[in-house]
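Trainee: Contents are compact mmCIF, C-alpha atoms; file name target-v9.txt:
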```
# COMPACT_ATOMS: atom_id res chain seq x y z
CA MET F 1 -7.50 -24.55 59.50
CA THR F 2 -10.78 -25.35 61.11
CA SER F 3 -13.64 -26.84 59.19
CA GLU F 4 -15.65 -23.57 59.51
CA THR F 5 -12.77 -21.54 58.12
CA ALA F 6 -12.34 -23.95 55.25
CA ASP F 7 -16.05 -23.80 54.47
CA SER F 8 -15.93 -19.98 54.50
CA ALA F 9 -12.94 -19.90 52.17
CA GLU F 10 -14.67 -22.31 49.82
CA ALA F 11 -17.80 -20.18 49.83
CA VAL F 12 -15.84 -17.01 49.05
CA GLY F 13 -14.05 -18.81 46.26
CA ALA F 14 -17.36 -19.92 44.81
CA VAL F 15 -18.64 -16.34 44.47
CA ALA F 16 -15.29 -14.67 43.59
CA PRO F 17 -14.97 -13.36 40.01
CA ALA F 18 -12.94 -15.35 37.49
CA ALA F 19 -9.23 -14.72 37.55
CA ASP F 20 -7.97 -11.85 35.37
CA PRO F 21 -6.74 -13.45 32.13
CA GLY F 22 -3.67 -11.25 32.20
CA PHE F 23 -2.31 -8.55 29.93
CA LEU F 24 -0.94 -10.87 27.25
CA GLN F 25 -4.20 -12.80 26.97
CA ARG F 26 -6.37 -9.67 26.95
CA HIS F 27 -4.30 -7.92 24.28
CA GLY F 28 -3.00 -11.01 22.50
CA GLY F 29 -4.73 -10.13 19.22
CA THR F 30 -3.28 -6.64 19.13
CA ILE F 31 0.19 -7.89 20.07
CA GLU F 32 0.02 -10.45 17.28
CA TYR F 33 -0.64 -7.72 14.71
CA VAL F 34 2.64 -6.06 15.72
CA LEU F 35 4.76 -9.03 16.75
CA ILE F 36 4.23 -11.31 13.75
CA PRO F 37 4.86 -8.73 10.97
CA GLY F 38 7.86 -7.47 12.97
CA ALA F 39 9.23 -10.99 13.23
CA ALA F 40 8.64 -11.50 9.51
CA MET F 41 10.60 -8.31 8.75
CA ALA F 42 13.44 -9.36 11.07
CA GLY F 43 13.59 -12.80 9.45
CA ALA F 44 13.63 -11.30 5.97
CA LEU F 45 16.46 -8.90 6.90
CA ALA F 46 18.44 -11.81 8.38
CA VAL F 47 18.06 -13.84 5.18
CA PHE F 48 18.93 -10.80 3.07
CA GLY F 49 22.04 -10.34 5.22
CA ILE F 50 23.11 -13.90 4.37
CA PHE F 51 22.37 -13.14 0.72
CA VAL F 52 24.75 -10.14 0.65
CA MET F 53 27.40 -12.15 2.52
CA LEU F 54 27.56 -14.39 -0.55
CA PHE F 55 28.76 -11.32 -2.43
CA GLY F 56 31.47 -10.64 0.16
CA LYS F 57 29.65 -7.77 1.88
CA ASN F 58 29.31 -7.20 5.62
CA PRO F 59 25.62 -7.49 6.69
CA LEU F 60 26.18 -4.95 9.50
CA ASP F 61 27.34 -2.40 6.91
CA LEU F 62 24.25 -3.24 4.91
CA TYR F 63 21.90 -2.58 7.84
CA PHE F 64 23.69 0.65 8.74
CA TYR F 65 23.56 2.11 5.24
CA MET F 66 19.98 0.95 4.86
CA TYR F 67 19.03 2.86 8.02
CA TYR F 68 21.17 5.87 7.11
CA GLY F 69 19.79 6.04 3.57
CA ALA F 70 16.22 5.78 4.84
CA PHE F 71 16.10 7.75 8.09
CA GLY F 72 19.65 8.93 8.90
CA THR F 73 19.33 12.53 7.72
CA TRP F 74 16.62 15.07 6.97
CA PHE F 75 17.35 14.58 3.27
CA SER F 76 16.85 10.83 3.71
CA TRP F 77 13.57 11.39 5.54
CA GLN F 78 12.26 13.62 2.75
CA ASN F 79 13.26 11.05 0.13
CA THR F 80 11.55 8.34 2.17
CA LEU F 81 8.32 10.30 2.64
CA THR F 82 8.23 11.19 -1.05
CA ARG F 83 8.39 7.49 -1.95
CA ALA F 84 5.87 6.58 0.77
CA ALA F 85 3.14 8.79 -0.72
CA PRO F 86 2.26 6.58 -3.74
CA LEU F 87 2.75 3.45 -1.63
CA ILE F 88 0.01 4.54 0.80
CA LEU F 89 -2.40 5.09 -2.06
CA THR F 90 -1.60 1.91 -3.99
CA ALA F 91 -1.75 -0.14 -0.77
CA LEU F 92 -5.33 1.04 -0.30
CA CYS F 93 -6.07 -0.49 -3.71
CA THR F 94 -5.41 -3.91 -2.15
CA ALA F 95 -6.58 -3.22 1.41
CA LEU F 96 -10.09 -1.96 0.61
CA PRO F 97 -11.25 -4.91 -1.55
CA ALA F 98 -9.70 -7.24 1.06
CA GLN F 99 -12.51 -6.18 3.42
CA LEU F 100 -14.82 -8.01 1.01
CA GLY F 101 -12.54 -11.02 0.81
CA MET F 102 -11.16 -9.99 -2.58
CA VAL F 103 -7.49 -10.12 -3.54
CA ILE F 104 -6.84 -7.26 -5.96
CA ILE F 105 -3.24 -6.91 -7.15
CA GLY F 106 -3.81 -4.51 -10.04
CA GLY F 107 -2.84 -1.26 -8.35
CA GLU F 108 -0.03 -0.71 -10.86
CA GLY F 109 -2.51 -0.71 -13.75
CA ALA F 110 -4.86 1.70 -11.98
CA LEU F 111 -1.89 3.98 -11.27
CA LEU F 112 -0.95 4.08 -14.96
CA ILE F 113 -4.53 4.71 -16.10
CA GLY F 114 -4.93 7.40 -13.45
CA ALA F 115 -1.73 9.08 -14.60
CA LEU F 116 -2.79 8.92 -18.25
CA SER F 117 -6.25 10.31 -17.43
CA ALA F 118 -4.83 13.16 -15.36
CA THR F 119 -2.29 14.06 -18.05
CA SER F 120 -4.95 14.04 -20.77
CA VAL F 121 -7.16 16.42 -18.80
CA ALA F 122 -4.24 18.73 -18.00
CA LEU F 123 -3.29 18.95 -21.68
CA LEU F 124 -6.89 19.59 -22.70
CA LEU F 125 -7.27 22.38 -20.12
CA GLN F 126 -4.01 24.19 -20.90
CA GLY F 127 -4.41 27.90 -20.23
CA MET F 128 -7.11 27.48 -17.60
CA PRO F 129 -6.48 28.60 -13.94
CA PRO F 130 -3.96 26.18 -12.34
CA LEU F 131 -6.20 25.36 -9.36
CA PHE F 132 -9.03 24.40 -11.71
CA VAL F 133 -6.68 22.21 -13.74
CA GLN F 134 -5.27 20.53 -10.63
CA ILE F 135 -8.75 19.72 -9.30
CA ALA F 136 -9.72 18.36 -12.71
CA MET F 137 -6.58 16.20 -12.72
CA VAL F 138 -7.46 14.77 -9.29
CA ILE F 139 -10.99 13.93 -10.45
CA ALA F 140 -9.75 12.43 -13.72
CA GLY F 141 -7.09 10.34 -11.96
CA VAL F 142 -9.57 8.99 -9.40
CA ILE F 143 -12.23 8.21 -12.00
CA GLY F 144 -9.74 6.63 -14.42
CA GLY F 145 -8.17 4.36 -11.80
CA GLY F 146 -11.52 3.67 -10.15
CA LEU F 147 -13.20 2.47 -13.33
CA TRP F 148 -10.16 0.31 -14.13
CA ILE F 149 -10.36 -1.70 -10.89
CA MET F 150 -14.15 -1.65 -10.92
CA LEU F 151 -13.84 -3.59 -14.18
CA ALA F 152 -12.09 -6.39 -12.28
CA GLY F 153 -14.87 -6.30 -9.67
CA ALA F 154 -17.57 -6.47 -12.35
CA LEU F 155 -15.85 -9.42 -14.03
CA ARG F 156 -15.75 -11.21 -10.70
CA GLN F 157 -19.36 -10.46 -9.76
CA TYR F 158 -21.11 -10.94 -13.12
CA ARG F 159 -18.87 -13.37 -15.01
CA GLY F 160 -17.18 -15.32 -12.22
CA VAL F 161 -13.68 -14.30 -13.32
CA ASN F 162 -11.07 -14.53 -10.56
CA GLU F 163 -10.34 -10.93 -9.54
CA THR F 164 -6.69 -11.64 -8.74
CA ILE F 165 -5.95 -12.88 -12.24
CA SER F 166 -8.07 -10.27 -14.02
CA SER F 167 -6.59 -7.36 -12.06
CA LEU F 168 -3.07 -8.62 -12.80
CA LEU F 169 -3.81 -8.96 -16.50
CA LEU F 170 -5.31 -5.46 -16.48
CA VAL F 171 -1.88 -4.18 -15.40
CA TYR F 172 -0.34 -5.36 -18.66
CA ILE F 173 -3.25 -4.00 -20.67
CA ALA F 174 -2.85 -0.62 -18.95
CA LEU F 175 0.88 -0.62 -19.72
CA ALA F 176 0.19 -1.46 -23.36
CA ILE F 177 -2.37 1.36 -23.63
CA LEU F 178 0.06 3.82 -22.03
CA ASN F 179 2.90 2.84 -24.36
CA HIS F 180 0.60 2.95 -27.39
CA LEU F 181 -0.61 6.47 -26.63
CA VAL F 182 2.70 7.86 -25.42
CA GLU F 183 4.54 6.56 -28.46
CA GLY F 184 1.65 7.42 -30.77
CA MET F 185 -1.03 10.09 -30.81
CA MET F 186 -0.01 11.73 -27.47
CA ARG F 187 3.74 11.77 -28.09
CA ASP F 188 5.63 15.02 -27.78
CA PRO F 189 7.71 15.33 -31.00
CA ALA F 190 10.54 16.80 -28.91
CA SER F 191 10.89 13.60 -26.85
CA LEU F 192 13.26 11.83 -29.19
CA ASN F 193 15.01 9.13 -27.16
CA LYS F 194 12.41 8.79 -24.46
CA PRO F 195 8.81 8.90 -25.75
CA SER F 196 6.67 11.12 -23.52
CA THR F 197 3.57 13.24 -23.66
CA ARG F 198 3.85 17.00 -23.63
CA GLU F 199 4.49 18.57 -20.22
CA ILE F 200 1.46 19.60 -18.18
CA GLY F 201 3.16 22.91 -17.38
CA ALA F 202 4.97 24.16 -14.28
CA ALA F 203 1.93 26.15 -13.15
CA ASN F 204 -0.16 22.97 -12.98
CA MET F 205 2.32 21.06 -10.80
CA ILE F 206 1.14 20.56 -7.21
CA GLY F 207 4.48 21.53 -5.67
CA SER F 208 5.94 20.67 -2.27
CA ILE F 209 4.86 21.12 1.34
CA PRO F 210 6.35 24.46 2.51
CA GLY F 211 9.81 24.08 4.08
CA THR F 212 10.34 20.61 2.66
CA ASP F 213 11.03 18.80 -0.59
CA VAL F 214 8.13 16.41 0.09
CA HIS F 215 5.31 16.94 -2.38
CA TRP F 216 1.65 17.30 -1.45
CA GLY F 217 1.00 13.74 -2.55
CA LEU F 218 1.94 12.66 0.98
CA VAL F 219 -0.95 14.70 2.36
CA PHE F 220 -3.27 13.15 -0.23
CA GLY F 221 -2.13 9.71 0.92
CA LEU F 222 -2.62 10.47 4.62
CA ILE F 223 -6.10 11.89 4.04
CA ALA F 224 -7.07 8.91 1.89
CA ALA F 225 -5.83 6.42 4.50
CA VAL F 226 -7.71 8.11 7.36
CA ALA F 227 -10.85 8.42 5.23
CA ALA F 228 -10.62 4.74 4.31
CA TYR F 229 -10.26 3.78 7.98
CA ILE F 230 -13.34 5.81 8.94
CA LEU F 231 -15.30 4.37 6.02
CA ILE F 232 -14.46 0.77 6.87
CA TYR F 233 -14.65 0.82 10.66
CA HIS F 234 -17.05 3.66 11.51
CA THR F 235 -19.80 3.64 8.89
CA VAL F 236 -22.74 1.37 8.06
CA PHE F 237 -21.28 0.94 4.56
CA GLY F 238 -17.98 -0.33 5.98
CA PHE F 239 -19.79 -2.66 8.38
CA ALA F 240 -21.82 -4.09 5.50
CA ALA F 241 -18.64 -4.59 3.47
CA ARG F 242 -16.97 -6.47 6.33
CA VAL F 243 -20.08 -8.62 6.82
CA ALA F 244 -20.08 -9.50 3.12
CA GLY F 245 -16.35 -10.22 3.34
CA GLY F 246 -16.91 -12.56 6.29
CA ASN F 247 -19.76 -14.54 4.75
CA ILE F 248 -21.12 -13.44 1.40
CA ARG F 249 -24.01 -15.92 1.52
CA ALA F 250 -25.18 -14.59 4.88
CA ALA F 251 -24.88 -11.04 3.54
CA LYS F 252 -27.20 -11.92 0.66
CA ILE F 253 -29.69 -13.59 3.02
CA VAL F 254 -29.99 -10.47 5.17
CA GLY F 255 -30.53 -8.37 2.07
CA LEU F 256 -27.21 -6.59 1.61
CA GLY F 257 -26.53 -5.35 -1.91
CA VAL F 258 -23.38 -7.36 -2.47
CA SER F 259 -22.99 -6.36 -6.13
CA LYS F 260 -23.22 -2.69 -5.24
CA LEU F 261 -20.76 -3.15 -2.39
CA ILE F 262 -18.21 -4.89 -4.62
CA LEU F 263 -18.41 -2.33 -7.41
CA THR F 264 -18.27 0.63 -5.02
CA VAL F 265 -15.34 -0.69 -3.01
CA CYS F 266 -13.42 -1.63 -6.17
CA PHE F 267 -14.03 1.87 -7.55
CA LEU F 268 -12.72 3.49 -4.37
CA ALA F 269 -9.72 1.17 -4.34
CA GLY F 270 -8.85 1.91 -7.95
CA GLY F 271 -9.50 5.58 -7.35
CA ALA F 272 -6.83 5.63 -4.64
CA ALA F 273 -4.27 4.07 -7.01
CA GLY F 274 -5.38 6.40 -9.80
CA LEU F 275 -4.77 9.34 -7.46
CA ALA F 276 -1.26 7.99 -6.94
CA GLY F 277 -0.76 8.14 -10.70
CA MET F 278 -2.01 11.72 -10.80
CA VAL F 279 0.41 12.62 -8.00
CA GLU F 280 3.35 11.08 -9.83
CA VAL F 281 2.50 13.17 -12.90
CA ALA F 282 1.66 16.43 -11.14
CA ALA F 283 4.41 16.30 -8.50
CA VAL F 284 7.31 14.30 -9.96
CA GLN F 285 7.34 13.58 -13.71
CA GLY F 286 5.41 16.54 -15.10
CA ARG F 287 4.27 14.33 -18.00
CA THR F 288 3.40 10.74 -18.75
CA ASN F 289 6.03 8.30 -19.89
CA ALA F 290 7.34 4.80 -19.12
CA ASN F 291 8.98 6.02 -15.89
CA LEU F 292 5.57 5.87 -14.22
CA ALA F 293 5.75 2.07 -14.29
CA ALA F 294 8.17 2.11 -11.34
CA GLY F 295 6.55 -0.73 -9.41
CA TYR F 296 4.73 1.35 -6.79
CA GLY F 297 1.57 -0.65 -7.46
CA PHE F 298 3.30 -3.97 -6.78
CA THR F 299 5.09 -2.71 -3.67
CA GLY F 300 1.73 -1.43 -2.46
CA ILE F 301 0.54 -5.05 -2.33
CA LEU F 302 3.35 -5.86 0.09
CA VAL F 303 2.50 -2.78 2.18
CA ALA F 304 -1.15 -3.85 2.43
CA PHE F 305 -0.28 -7.39 3.49
CA LEU F 306 2.25 -6.22 6.08
CA ALA F 307 -0.34 -3.81 7.47
CA ARG F 308 -2.93 -6.61 7.66
CA GLN F 309 -5.20 -4.57 5.34
CA ASN F 310 -5.66 -1.89 8.03
CA PRO F 311 -5.76 1.57 6.37
CA LEU F 312 -4.12 3.31 9.34
CA ALA F 313 -1.39 0.68 9.72
CA ILE F 314 -0.60 1.19 6.05
CA ILE F 315 0.89 4.62 6.83
CA PRO F 316 3.90 3.50 8.97
CA VAL F 317 4.45 0.40 6.83
CA ALA F 318 4.53 2.51 3.65
CA ILE F 319 7.07 4.83 5.29
CA LEU F 320 9.20 1.81 6.27
CA LEU F 321 9.18 0.30 2.78
CA GLY F 322 9.58 3.75 1.24
CA GLY F 323 12.72 4.08 3.35
CA ILE F 324 14.06 0.72 2.17
CA SER F 325 13.47 1.85 -1.40
CA ALA F 326 15.14 5.20 -0.75
CA SER F 327 18.24 3.46 0.62
CA GLY F 328 18.82 1.59 -2.64
CA GLY F 329 20.99 4.34 -4.12
CA LEU F 330 23.24 4.51 -1.05
CA LEU F 331 23.65 0.72 -1.01
CA GLN F 332 24.71 0.90 -4.62
CA ARG F 333 27.29 3.65 -4.02
CA ARG F 334 28.77 2.43 -0.73
CA LEU F 335 28.56 -1.36 -1.05
CA GLY F 336 28.50 -1.78 -4.80
CA LEU F 337 25.22 -3.66 -4.67
CA PRO F 338 22.95 -3.31 -7.70
CA ASP F 339 19.94 -1.06 -7.22
CA ALA F 340 17.71 -4.09 -7.81
CA SER F 341 18.92 -5.56 -4.50
CA VAL F 342 16.07 -3.70 -2.85
CA LEU F 343 13.64 -5.67 -5.02
CA VAL F 344 15.25 -8.89 -3.80
CA LEU F 345 14.69 -7.77 -0.22
CA GLN F 346 11.06 -6.89 -0.96
CA GLY F 347 10.54 -10.34 -2.45
CA ILE F 348 12.01 -12.02 0.63
CA ILE F 349 9.81 -9.89 2.89
CA PHE F 350 6.75 -10.90 0.89
CA VAL F 351 7.57 -14.60 1.28
CA PHE F 352 8.07 -14.21 5.04
CA VAL F 353 4.82 -12.25 5.40
CA LEU F 354 2.83 -14.90 3.56
CA ALA F 355 4.46 -17.68 5.57
CA SER F 356 3.87 -15.90 8.88
CA ASP F 357 0.14 -15.67 8.19
CA ALA F 358 -0.23 -19.22 9.52
CA LEU F 359 0.96 -18.07 12.97
CA TYR F 360 -2.02 -15.85 13.79
CA GLY F 361 -4.01 -17.35 16.68
CA ARG F 362 -1.42 -20.08 17.25
CA ILE F 363 1.07 -18.39 19.58
CA GLY F 364 0.57 -20.20 22.86
CA PHE F 365 1.49 -17.54 25.42
CA LEU F 366 -0.88 -15.02 23.77
CA LYS F 367 -3.88 -17.35 23.97
CA GLY F 368 -6.21 -17.51 26.97
CA LYS F 369 -6.75 -20.74 28.84
CA SER F 370 -9.70 -22.66 27.48
```
Take the structure in this file and express it as structure tokens.

Mentor:
Amino acid sequence: MTSETADSAEAVGAVAPAADPGFLQRHGGTIEYVLIPGAAMAGALAVFGIFVMLFGKNPLDLYFYMYYGAFGTWFSWQNTLTRAAPLILTALCTALPAQLGMVIIGGEGALLIGALSATSVALLLQGMPPLFVQIAMVIAGVIGGGLWIMLAGALRQYRGVNETISSLLLVYIALAILNHLVEGMMRDPASLNKPSTREIGAANMIGSIPGTDVHWGLVFGLIAAVAAYILIYHTVFGFAARVAGGNIRAAKIVGLGVSKLILTVCFLAGGAAGLAGMVEVAAVQGRTNANLAAGYGFTGILVAFLARQNPLAIIPVAILLGGISASGGLLQRRLGLPDASVLVLQGIIFVFVLASDALYGRIGFLKGKS
């Protein structure tokens, strides 16, 4: 190579654009949001497989029946989607306050209060047109659950009480209120062995999506998740909430109403869980009783963390965990595992998800060269 050629090549190199960072580097953040939770799930399933081996069961049989019970048949799919509906709504109860940097784990309490509020309204409006009663139940469930979680937000903002602890304690208070009313002034005298309120009436039930056994609560959940996504990522309100969540001091300096943001977001979060309670009453139980405390609020926390607090990502994650829950009965019948085994798996998943959080931004091949 002559000296002139070398000089020309050097000159071209000096003005050439920087090298393309490559697909992995350009989309590393997005890949992380899929890869790390997926790896956490795979690790949890592997550990759970070892756990069942201690009981003399074949892990491959476990995985097969888990898949078959969750997604193997149309009946399984319907069972899975039915269980996913309240999970979507209770997951929003954790995901929305997380935009403000808050950790709310009281979705179970908001669900119970929402169910109790919806049932009370339905019983008061007996004899009214069913559509009117159903709308009133939705409003009552949302307001009941919303005010319940807003209480945790107010305690945090005005009294400095940790919202995680207060929202958890509110769960037990909600359960005590429900038991007190269901076994006391609201008890149906005909419910002898299992204290319950009176039935809201078949006409006031919200029924199922035509052609399926999946109730309309799934549609409520999907609409709520999409609405939450639009609110958080495509509105000024959502932008302000994320700014306050990133740096609350900076948000106050620029004049954002942090107190208003916290109370509003907590109300919306609790309202979503309260709507889940209304759905469980109007689509499944037909009345309020202790069966409503089925743990949907606690599983919703796991859904929100797996989905990285993204309202749209909550939908597939809720379906996945709803499927795991739906497979519990089949695992019990075919492998002789107790129904609570699913709870063990959920606990292991939660530990893996929390542990995997430290990996974000630290996977070498997904990072650009500095």

Trainee: For the point (18.9, -8.4, -0.7) in file coordinates, what residues are within 10 Å, counting all atoms listed in the file? Give the answer as a PyMOL selection string?

Mentor: chain F and resi 44-53+62+337-349

Trainee: Find the spatial neighbours of F:Tyr68, counting only C-alpha atoms, within a cut-off of 9 Å - ignore same-chain residues fewer than 6 positions away - and output them as a list of chain:residue names.

Mentor: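 So the residues in contact are F:Ser76, F:Ser327, F:Leu330.
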
Trainee: Need the shell around stretch 239-253 of chain F: protein/DNA/RNA residues with any atom at most 12 Å away, counting all atoms listed in the file. Skip same-chain ones fewer than 5 positions apart. Format as a compact mmCIF listing (two decimals) with C-alpha atoms, in the coordinates of the input?

Mentor:
```txt
# COMPACT_ATOMS: atom_id res chain seq x y z
CA ALA F 95 -6.58 -3.22 1.41
CA LEU F 96 -10.09 -1.96 0.61
CA PRO F 97 -11.25 -4.91 -1.55
CA ALA F 98 -9.70 -7.24 1.06
CA GLN F 99 -12.51 -6.18 3.42
CA LEU F 100 -14.82 -8.01 1.01
CA GLY F 101 -12.54 -11.02 0.81
CA MET F 102 -11.16 -9.99 -2.58
CA VAL F 103 -7.49 -10.12 -3.54
CA GLN F 157 -19.36 -10.46 -9.76
CA TYR F 229 -10.26 3.78 7.98
CA ILE F 230 -13.34 5.81 8.94
CA LEU F 231 -15.30 4.37 6.02
CA ILE F 232 -14.46 0.77 6.87
CA TYR F 233 -14.65 0.82 10.66
CA HIS F 234 -17.05 3.66 11.51
CA VAL F 258 -23.38 -7.36 -2.47
CA SER F 259 -22.99 -6.36 -6.13
CA LYS F 260 -23.22 -2.69 -5.24
CA LEU F 261 -20.76 -3.15 -2.39
CA ILE F 262 -18.21 -4.89 -4.62
CA LEU F 263 -18.41 -2.33 -7.41
CA THR F 264 -18.27 0.63 -5.02
CA VAL F 265 -15.34 -0.69 -3.01
CA CYS F 266 -13.42 -1.63 -6.17
CA GLN F 309 -5.20 -4.57 5.34
```

Trainee: One decimal, in Å: what's the spacing between atom CA of F:Ala122 and atom CA of F:Ala84?

Mentor: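 Separation between atom CA of F:Ala122 and atom CA of F:Ala84: 24.5 Å.
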
Trainee: Under the rule that all atoms listed in the file are counted, which of F:Leu354, F:Ala225, F:Leu335, F:Leu169 is the nearest residue to F:Tyr63?

Mentor: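 Answer, going by the shortest atom-to-atom distance: F:Leu335.
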
Trainee: Could you name the residues that touch F:Met278 at 12 Å or less, counting all atoms listed in the file, but leaving out those on the same chain fewer than 3 positions away, as a PyMOL selection string?

Mentor: chain F and resi 85-86+89-90+110-122+133-145+200+204-206+216-217+220-221+271-275+281-288+292

Trainee: Separation of atom CA of F:Gly295 and atom CA of F:Glu108, in Å?

Mentor: 6.7 Å

Trainee: Between F:Gly72, F:Gly109, F:Pro210, F:Gly300, single out the one closest to F:Val171, counting all atoms listed in the file.

Mentor: F:Gly109

Trainee: Calculated over all atoms listed in the file, which of the candidates F:Ser208, F:Asn310, F:Ser356, F:Thr235 has the smallest distance to F:Thr82?

Mentor: F:Ser208

Trainee: From the set F:Pro130, F:Pro195, F:Gly207, F:Gly69, which residue has the shortest atom-to-atom contact distance to F:Glu183, counting all atoms listed in the file?

Mentor: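 So, comparing all the options, the nearest one is F:Pro195.
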
Trainee: For atom CA of F:Phe55 and atom CA of F:Gly329, quote the distance in Å rounded to one decimal.

Mentor: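 Rounded to one decimal, the two atoms are 17.6 Å apart.
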
Trainee: With all atoms listed in the file as the atoms that count, which of F:Asn291, F:Ser325, F:Thr94, F:Thr164 lies nearest to F:Thr80?

Mentor: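 Of F:Asn291, F:Ser325, F:Thr94, F:Thr164, the one nearest F:Thr80 is F:Ser325, counting all atoms listed in the file.
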
Trainee: Any idea what's packed within 8 Å of F:Phe352, counting only C-alpha atoms, ignoring anything in its chain fewer than 6 positions away? Could you give it as a list in words?

Mentor: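 Those residues are Ala40, Met41, Gly43 and Ala44 of chain F.
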
Trainee: Nearest to F:Val317: which of F:Leu155, F:Asn179, F:Phe64, F:Leu81 is it, counting all atoms listed in the file?

Mentor: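 Looking at the shortest contact to F:Val317, the residue is F:Leu81.
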